[in-house]
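Colleague: My file is run-v1.cif. It has mmCIF, C-alpha atoms (C1' of nucleotides):
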```cif
data_entry
loop_
_atom_site.label_atom_id
_atom_site.label_comp_id
_atom_site.auth_asym_id
_atom_site.auth_seq_id
_atom_site.Cartn_x
_atom_site.Cartn_y
_atom_site.Cartn_z
CA MET A 1 11.64 -10.20 -24.99
CA ASP A 2 10.07 -6.76 -24.68
CA TYR A 3 10.21 -4.39 -21.77
CA SER A 4 6.50 -4.70 -20.99
CA THR A 5 6.96 -8.38 -20.27
CA ILE A 6 9.92 -7.81 -18.00
CA LEU A 7 8.14 -5.01 -16.19
CA SER A 8 4.83 -6.79 -15.68
CA THR A 9 6.67 -9.88 -14.51
CA LEU A 10 8.50 -7.85 -11.90
CA ALA A 11 5.42 -5.83 -10.95
CA GLU A 12 3.67 -8.66 -9.14
CA PRO A 13 4.61 -8.28 -5.44
CA SER A 14 5.29 -11.96 -4.77
CA ARG A 15 7.48 -12.21 -7.84
CA LEU A 16 9.36 -9.09 -6.84
CA GLN A 17 9.97 -10.72 -3.47
CA ILE A 18 11.21 -13.86 -5.20
CA VAL A 19 13.62 -11.83 -7.28
CA GLU A 20 14.88 -9.94 -4.23
CA LEU A 21 15.37 -13.27 -2.49
CA LEU A 22 17.24 -14.87 -5.38
CA ARG A 23 19.56 -11.90 -5.45
CA LYS A 24 21.26 -13.39 -2.41
CA GLY A 25 21.73 -16.74 -4.14
CA PRO A 26 20.03 -19.75 -5.76
CA LEU A 27 17.17 -21.46 -3.94
CA THR A 28 14.77 -24.34 -4.43
CA VAL A 29 11.04 -23.92 -4.96
CA GLY A 30 10.25 -25.05 -1.46
CA GLU A 31 12.76 -22.71 0.10
CA ILE A 32 11.34 -19.79 -1.88
CA ALA A 33 7.79 -20.63 -0.85
CA ASP A 34 8.84 -20.80 2.79
CA HIS A 35 10.78 -17.55 2.74
CA ILE A 36 8.05 -15.38 1.30
CA HIS A 37 5.16 -17.25 2.92
CA ILE A 38 3.27 -18.48 -0.09
CA ARG A 39 2.14 -22.01 -0.95
CA GLN A 40 4.19 -24.26 -3.15
CA PRO A 41 1.85 -24.22 -6.17
CA GLN A 42 1.85 -20.44 -6.15
CA ALA A 43 5.63 -20.41 -5.96
CA SER A 44 5.82 -22.78 -8.92
CA LYS A 45 3.42 -20.63 -10.89
CA HIS A 46 5.34 -17.43 -10.22
CA LEU A 47 8.60 -19.15 -11.10
CA ARG A 48 7.05 -20.30 -14.34
CA VAL A 49 6.16 -16.72 -15.23
CA LEU A 50 9.64 -15.56 -14.24
CA HIS A 51 11.14 -18.34 -16.34
CA GLU A 52 9.02 -17.54 -19.38
CA ALA A 53 10.13 -13.94 -19.09
CA GLY A 54 13.73 -15.15 -19.08
CA MET A 55 14.37 -13.79 -15.61
CA VAL A 56 15.32 -17.04 -13.91
CA GLU A 57 16.82 -20.36 -14.86
CA PHE A 58 17.28 -23.53 -12.85
CA ASP A 59 19.47 -26.54 -12.38
CA ALA A 60 17.52 -29.75 -11.95
CA GLU A 61 19.00 -31.83 -9.19
CA ALA A 62 17.15 -35.11 -8.72
CA ASN A 63 13.54 -34.19 -8.15
CA CYS A 64 14.21 -30.64 -7.11
CA ARG A 65 15.03 -27.49 -9.03
CA ILE A 66 17.48 -24.87 -7.93
CA TYR A 67 16.39 -21.53 -9.31
CA LYS A 68 18.64 -18.53 -9.83
CA LEU A 69 18.47 -15.14 -11.50
CA ARG A 70 19.50 -14.54 -15.07
CA SER A 71 21.38 -11.35 -15.76
CA GLU A 72 20.07 -10.49 -19.23
CA PRO A 73 16.74 -8.88 -18.27
CA PHE A 74 18.46 -6.74 -15.69
CA LYS A 75 21.03 -5.64 -18.20
CA ALA A 76 18.21 -4.81 -20.60
CA LEU A 77 16.35 -2.79 -17.98
CA ASP A 78 19.51 -0.93 -17.12
CA LEU A 79 20.08 -0.14 -20.76
CA TRP A 80 16.52 1.13 -21.12
CA LEU A 81 16.83 3.23 -18.00
CA LYS A 82 20.05 4.78 -19.26
CA GLU A 83 18.02 6.52 -21.95
CA TYR A 84 16.18 8.37 -19.21
CA ARG A 85 19.23 9.44 -17.33
CA ASP A 86 19.32 12.86 -18.96
CA ILE A 87 15.89 13.52 -17.52
CA TRP A 88 17.32 13.87 -14.07
CA GLU A 89 20.67 15.28 -15.07
CA GLU A 90 19.34 18.78 -15.64
CA LYS A 91 19.68 18.50 -19.41
CA PHE A 92 15.98 18.00 -19.68
CA ASP A 93 15.02 20.77 -17.31
CA ASN A 94 16.95 23.26 -19.37
CA LEU A 95 15.00 22.37 -22.46
CA ASP A 96 11.75 22.25 -20.61
CA ARG A 97 10.21 25.61 -21.13
CA TYR A 98 11.72 25.91 -24.57
CA LEU A 99 9.95 22.75 -25.73
CA GLU A 100 6.68 23.82 -24.19
CA ASP A 101 6.77 27.10 -26.01
CA LEU A 102 7.85 25.41 -29.22
CA GLN A 103 4.91 23.09 -29.26
CA LYS A 104 2.50 25.85 -28.42
CA ARG A 105 3.70 27.70 -31.49
CA GLU A 106 3.36 24.58 -33.60
CA LYS A 107 -0.18 24.07 -32.43
CA LYS A 108 -1.11 27.63 -33.30
CA GLU A 109 0.27 27.08 -36.76
CA ASN A 110 -1.72 23.89 -37.26
CA GLU A 111 -4.90 25.73 -36.43
CA ASN A 112 -4.35 28.19 -39.27
CA MET B 1 5.74 4.83 -3.52
CA ASP B 2 6.79 1.20 -3.84
CA TYR B 3 8.52 -0.47 -6.73
CA SER B 4 5.55 -2.65 -7.60
CA THR B 5 3.48 0.43 -8.34
CA ILE B 6 6.14 1.96 -10.54
CA LEU B 7 6.69 -1.31 -12.36
CA SER B 8 3.04 -2.14 -12.98
CA THR B 9 2.43 1.41 -14.13
CA LEU B 10 5.22 1.11 -16.69
CA ALA B 11 4.26 -2.43 -17.67
CA GLU B 12 1.12 -1.47 -19.58
CA PRO B 13 2.16 -1.11 -23.23
CA SER B 14 0.27 2.12 -23.93
CA ARG B 15 1.67 3.72 -20.82
CA LEU B 16 5.17 2.62 -21.72
CA GLN B 17 4.64 4.27 -25.10
CA ILE B 18 3.47 7.44 -23.39
CA VAL B 19 6.57 7.50 -21.24
CA GLU B 20 8.83 6.92 -24.24
CA LEU B 21 7.05 9.74 -25.99
CA LEU B 22 7.33 12.16 -23.10
CA ARG B 23 11.03 11.46 -22.94
CA LYS B 24 11.40 13.71 -25.96
CA GLY B 25 9.51 16.53 -24.27
CA PRO B 26 6.22 17.67 -22.71
CA LEU B 27 2.98 17.09 -24.61
CA THR B 28 -0.73 17.69 -24.21
CA VAL B 29 -3.27 14.90 -23.76
CA GLY B 30 -4.53 15.25 -27.30
CA GLU B 31 -1.06 15.13 -28.77
CA ILE B 32 -0.25 12.01 -26.79
CA ALA B 33 -3.46 10.30 -27.90
CA ASP B 34 -2.68 11.14 -31.53
CA HIS B 35 0.91 9.98 -31.39
CA ILE B 36 0.23 6.53 -29.97
CA HIS B 37 -3.13 6.04 -31.68
CA ILE B 38 -5.44 5.73 -28.72
CA ARG B 39 -8.63 7.65 -27.93
CA GLN B 40 -8.61 10.68 -25.72
CA PRO B 41 -10.40 9.09 -22.74
CA GLN B 42 -7.91 6.24 -22.75
CA ALA B 43 -5.04 8.71 -22.84
CA SER B 44 -6.53 10.61 -19.90
CA LYS B 45 -6.97 7.40 -17.94
CA HIS B 46 -3.41 6.26 -18.54
CA LEU B 47 -2.11 9.69 -17.62
CA ARG B 48 -4.12 9.51 -14.43
CA VAL B 49 -2.46 6.23 -13.52
CA LEU B 50 0.94 7.64 -14.40
CA HIS B 51 0.21 10.71 -12.31
CA GLU B 52 -0.96 8.69 -9.31
CA ALA B 53 2.28 6.72 -9.53
CA GLY B 54 4.18 9.99 -9.47
CA MET B 55 5.65 9.41 -12.92
CA VAL B 56 4.24 12.49 -14.62
CA GLU B 57 3.17 15.97 -13.69
CA PHE B 58 1.49 18.68 -15.71
CA ASP B 59 1.19 22.38 -16.19
CA ALA B 60 -2.37 23.55 -16.72
CA GLU B 61 -2.53 26.08 -19.52
CA ALA B 62 -6.05 27.35 -20.06
CA ASN B 63 -8.18 24.30 -20.69
CA CYS B 64 -5.32 22.04 -21.65
CA ARG B 65 -2.71 20.20 -19.66
CA ILE B 66 0.89 19.83 -20.67
CA TYR B 67 2.23 16.60 -19.26
CA LYS B 68 5.86 15.82 -18.65
CA LEU B 69 7.92 13.15 -16.94
CA ARG B 70 9.01 13.36 -13.33
CA SER B 71 12.51 12.17 -12.56
CA GLU B 72 12.00 10.65 -9.13
CA PRO B 73 10.58 7.24 -10.13
CA PHE B 74 13.35 6.77 -12.65
CA LYS B 75 15.94 7.62 -10.06
CA ALA B 76 14.30 5.12 -7.73
CA LEU B 77 14.30 2.40 -10.36
CA ASP B 78 17.91 3.09 -11.13
CA LEU B 79 18.78 2.82 -7.47
CA TRP B 80 16.93 -0.48 -7.20
CA LEU B 81 18.62 -1.82 -10.29
CA LYS B 82 22.03 -0.88 -8.91
CA GLU B 83 21.57 -3.56 -6.28
CA TYR B 84 21.48 -6.13 -9.06
CA ARG B 85 24.51 -4.89 -10.86
CA ASP B 86 26.82 -7.43 -9.23
CA ILE B 87 24.70 -10.17 -10.74
CA TRP B 88 26.08 -9.44 -14.16
CA GLU B 89 29.51 -8.32 -13.06
CA GLU B 90 30.83 -11.83 -12.54
CA LYS B 91 30.78 -11.48 -8.77
CA PHE B 92 27.66 -13.56 -8.61
CA ASP B 93 28.84 -16.26 -10.99
CA ASN B 94 31.87 -16.94 -8.86
CA LEU B 95 29.71 -17.59 -5.84
CA ASP B 96 27.24 -19.62 -7.81
CA ARG B 97 28.33 -23.16 -7.34
CA TYR B 98 29.57 -22.46 -3.85
CA LEU B 99 26.13 -21.32 -2.73
CA GLU B 100 24.43 -24.24 -4.37
CA ASP B 101 26.63 -26.69 -2.57
CA LEU B 102 26.24 -24.80 0.67
CA GLN B 103 22.48 -25.02 0.64
CA LYS B 104 22.56 -28.67 -0.32
CA ARG B 105 24.62 -29.32 2.78
CA GLU B 106 22.21 -27.30 4.90
CA LYS B 107 19.28 -29.27 3.59
CA LYS B 108 20.94 -32.54 4.39
CA GLU B 109 21.52 -31.33 7.92
CA ASN B 110 17.90 -30.32 8.36
CA GLU B 111 16.80 -33.78 7.40
CA ASN B 112 18.78 -35.34 10.24
"C1'" DT C 1 7.65 -51.95 -7.22
"C1'" DA C 2 5.43 -49.12 -3.65
"C1'" DT C 3 6.28 -45.02 -1.32
"C1'" DT C 4 7.66 -40.54 -0.56
"C1'" DA C 5 9.47 -35.90 -1.52
"C1'" DA C 6 9.67 -32.02 -4.61
"C1'" DT C 7 7.58 -29.72 -8.04
"C1'" DA C 8 4.22 -28.74 -11.76
"C1'" DT C 9 -0.38 -28.41 -13.52
"C1'" DT C 10 -5.38 -28.08 -13.73
"C1'" DC C 11 -9.69 -26.18 -12.58
"C1'" DC C 12 -12.36 -22.91 -10.30
"C1'" DT C 13 -13.46 -18.39 -8.51
"C1'" DT C 14 -12.50 -13.64 -7.67
"C1'" DT C 15 -10.32 -9.37 -8.54
"C1'" DT C 16 -8.16 -6.17 -11.37
"C1'" DT C 17 -7.73 -3.65 -15.33
"C1'" DA C 18 -8.28 -1.98 -19.96
"C1'" DG C 19 -11.05 -0.40 -23.81
"C1'" DG C 20 -15.56 1.68 -25.68
"C1'" DT C 21 -18.98 5.04 -25.44
"C1'" DA C 22 -21.38 8.59 -23.49
"C1'" DT C 23 -21.30 12.39 -20.54
"C1'" DA C 24 -19.43 15.82 -17.29
"C1'" DT C 25 -16.21 19.59 -16.41
"C1'" DT C 26 -13.51 23.57 -17.29
"C1'" DA C 27 -12.09 27.66 -19.54
"C1'" DC C 28 -11.85 30.48 -23.39
"C1'" DG C 29 -13.81 33.33 -27.15
"C1'" DA C 30 -17.53 35.29 -30.05
"C1'" DT D 1 -23.91 33.91 -21.99
"C1'" DC D 2 -23.57 30.40 -25.52
"C1'" DG D 3 -20.81 27.47 -28.01
"C1'" DT D 4 -16.69 25.06 -28.50
"C1'" DA D 5 -12.31 22.86 -27.49
"C1'" DA D 6 -9.62 20.15 -24.28
"C1'" DT D 7 -9.79 17.06 -20.82
"C1'" DA D 8 -11.73 14.07 -17.16
"C1'" DT D 9 -15.03 10.82 -15.40
"C1'" DA D 10 -18.67 7.20 -15.15
"C1'" DC D 11 -20.50 3.05 -16.54
"C1'" DC D 12 -20.37 -1.21 -18.84
"C1'" DT D 13 -18.14 -5.29 -20.64
"C1'" DA D 14 -14.40 -8.33 -21.52
"C1'" DA D 15 -10.01 -10.19 -20.70
"C1'" DA D 16 -6.10 -11.15 -17.81
"C1'" DA D 17 -4.21 -12.73 -13.73
"C1'" DA D 18 -3.82 -14.41 -9.05
"C1'" DG D 19 -4.92 -17.48 -5.14
"C1'" DG D 20 -6.91 -22.00 -3.32
"C1'" DA D 21 -7.26 -26.80 -3.47
"C1'" DA D 22 -6.79 -31.00 -5.61
"C1'" DT D 23 -4.15 -33.79 -8.58
"C1'" DA D 24 -0.48 -35.11 -11.80
"C1'" DT D 25 4.43 -35.77 -12.64
"C1'" DT D 26 9.10 -37.04 -11.73
"C1'" DA D 27 12.84 -39.19 -9.51
"C1'" DA D 28 14.95 -41.27 -5.63
"C1'" DT D 29 14.82 -44.93 -2.29
"C1'" DA D 30 13.46 -48.65 0.75
#
```
Please re-express this file's structure in structure tokens.
Modeller:
Amino acid sequence: MDYSTILSTLAEPSRLQIVELLRKGPLTVGEIADHIHIRQPQASKHLRVLHEAGMVEFDAEANCRIYKLRSEPFKALDLWLKEYRDIWEEKFDNLDRYLEDLQKREKKENEN
Amino acid sequence: MDYSTILSTLAEPSRLQIVELLRKGPLTVGEIADHIHIRQPQASKHLRVLHEAGMVEFDAEANCRIYKLRSEPFKALDLWLKEYRDIWEEKFDNLDRYLEDLQKREKKENEN
DNA sequence: TATTAATATTCCTTTTTAGGTATATTACGA
DNA sequence: TCGTAATATACCTAAAAAGGAATATTAATA
């Protein structure tokens, strides 16, 4: 599962709301639809997308499904984000002007 | 700037590539287009979206722009993700079955 | 077995968005 | 000032995705 899929799945506002909601605990489709004020078919469709992206799973109890978050995609996102941590920990800013100048020199060279 | 905007901006594969690329250091539009094999207008358009989402900024040098990442959106994402950290730190799993049972009881009560 | 509740799916329409191509803009240099 | 390089924008088309409404599915239960 690639990052684009995780990100686009989370990007849709209703789905983001669903995820925020499920953070507090597992819920059924109907409960989710009620909480975020969407219709049941839309809730099912969003949950399908979330499921296909591996972001939720469910326990089937009789004719209802109790959905809950899966941890893997969040772990993956966290791992990805870690790679960017040096951007805001000054390390990057120190290199900033140096890299700019470096690439300007490289470009000049390529032109010759 | 809301999370949906940041997420949908990052979700587009070319833009994600641009961000990964800029992680290594600032680059011009042309360099970005070359590196990820897209045409210049497409690069400009993606950079516009990234800029509007506050994810990049640029220094104008003569008639070229040197784009680089901004840290704020990444900090924001990290902060958001922190809220989910207890999902994969067992805390959630312990509550799991308890919450399921709880809501089943609540539902039964509502039916009466 | 007929009914009902919970959920999923299908079909349709609309909106959004991305790529392609051409063109506009901006600033530098001859 | 004319040409050129770097970038941005406009316009078109196509594809993806979301909501609405109706319907199908599934399982419990009377």
Colleague: Evaluate the PyMOL selection byres ((chain C) within 9 of (chain B)) against this structure - the residues, as an NGL selection string, please.
Modeller: :C and (18-19 or 26-28)
Colleague: When you draw a straight line from CA of Asp78 in chain B to CA of Leu47 in chain B, how long is it in Å?
Modeller: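 Separation between CA of Asp78 in chain B and CA of Leu47 in chain B: 22.1 Å.
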Colleague: For chain D, list the residues within 8 Å of chain B, counting all atoms listed in the file, and write the list as an mmCIF file with C-alpha atoms (C1' of nucleotides), in the frame of the given file.
Modeller:
```
data_model
loop_
_atom_site.group_PDB
_atom_site.id
_atom_site.type_symbol
_atom_site.label_atom_id
_atom_site.label_comp_id
_atom_site.auth_asym_id
_atom_site.auth_seq_id
_atom_site.Cartn_x
_atom_site.Cartn_y
_atom_site.Cartn_z
ATOM 1 C "C1'" DA D 6 -9.620 20.150 -24.280
ATOM 2 C "C1'" DT D 7 -9.790 17.060 -20.820
ATOM 3 C "C1'" DA D 8 -11.730 14.070 -17.160
#
```
Colleague: What does the distance from CA of Leu22 in chain A to CA of Lys68 in chain A come to in Å, to one decimal?
Modeller: 5.9 Å
Colleague: Suppose you want the space between CA of Gly54 in chain B and CA of Ile36 in chain B; what is it in Å?
Modeller: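 Taking CA of Gly54 in chain B as the start and CA of Ile36 in chain B as the end point, the length is 21.2 Å.
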Colleague: Select, as a ChimeraX atom specification, those residues of chain A with any atom no more than 7 Å from chain B (distances computed using only C-alpha atoms).
Modeller: /A:4,7-8,10-13,25-26,71,78,81,87-88,99-100
Colleague: Atoms to include: C-alpha atoms. Write the selected residues as an mmCIF file, in the frame of the given file.
Modeller:
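Wrote selection_18.cif, looks like this:
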```
data_model
loop_
_atom_site.group_PDB
_atom_site.id
_atom_site.type_symbol
_atom_site.label_atom_id
_atom_site.label_comp_id
_atom_site.auth_asym_id
_atom_site.auth_seq_id
_atom_site.Cartn_x
_atom_site.Cartn_y
_atom_site.Cartn_z
ATOM 1 C CA SER A 4 6.500 -4.700 -20.990
ATOM 2 C CA LEU A 7 8.140 -5.010 -16.190
ATOM 3 C CA SER A 8 4.830 -6.790 -15.680
ATOM 4 C CA LEU A 10 8.500 -7.850 -11.900
ATOM 5 C CA ALA A 11 5.420 -5.830 -10.950
ATOM 6 C CA GLU A 12 3.670 -8.660 -9.140
ATOM 7 C CA PRO A 13 4.610 -8.280 -5.440
ATOM 8 C CA GLY A 25 21.730 -16.740 -4.140
ATOM 9 C CA PRO A 26 20.030 -19.750 -5.760
ATOM 10 C CA SER A 71 21.380 -11.350 -15.760
ATOM 11 C CA ASP A 78 19.510 -0.930 -17.120
ATOM 12 C CA LEU A 81 16.830 3.230 -18.000
ATOM 13 C CA ILE A 87 15.890 13.520 -17.520
ATOM 14 C CA TRP A 88 17.320 13.870 -14.070
ATOM 15 C CA LEU A 99 9.950 22.750 -25.730
ATOM 16 C CA GLU A 100 6.680 23.820 -24.190
#
```
Colleague: Here is a test: counting all atoms listed in the file, which residue of C:DA30, C:DT14, C:DT7, C:DT25 is nearest to DG19 in chain D?
Modeller: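 Smallest separation from DG19 in chain D among the options: C:DT14.
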Colleague: Could you list the residues chosen by the PyMOL selection byres ((chain D and resi 10) around 10) in this structure as a PDB file with C-alpha atoms (C1' of nucleotides), keeping the file's coordinate frame?
Modeller:
```
ATOM      1  C1'  DA C  22     -21.380   8.590 -23.490  1.00  0.00           C
ATOM      2  C1'  DT C  23     -21.300  12.390 -20.540  1.00  0.00           C
ATOM      3  C1'  DA C  24     -19.430  15.820 -17.290  1.00  0.00           C
TER       4       DA C  24
ATOM      5  C1'  DA D   8     -11.730  14.070 -17.160  1.00  0.00           C
ATOM      6  C1'  DT D   9     -15.030  10.820 -15.400  1.00  0.00           C
ATOM      7  C1'  DC D  11     -20.500   3.050 -16.540  1.00  0.00           C
ATOM      8  C1'  DC D  12     -20.370  -1.210 -18.840  1.00  0.00           C
TER       9       DC D  12
END
```
Colleague: Nearest residue to DA2 in chain C out of D:DA16, D:DT29, D:DT1, D:DA22, using all atoms listed in the file?
Modeller: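 Closest residue, counting all atoms listed in the file: D:DT29.
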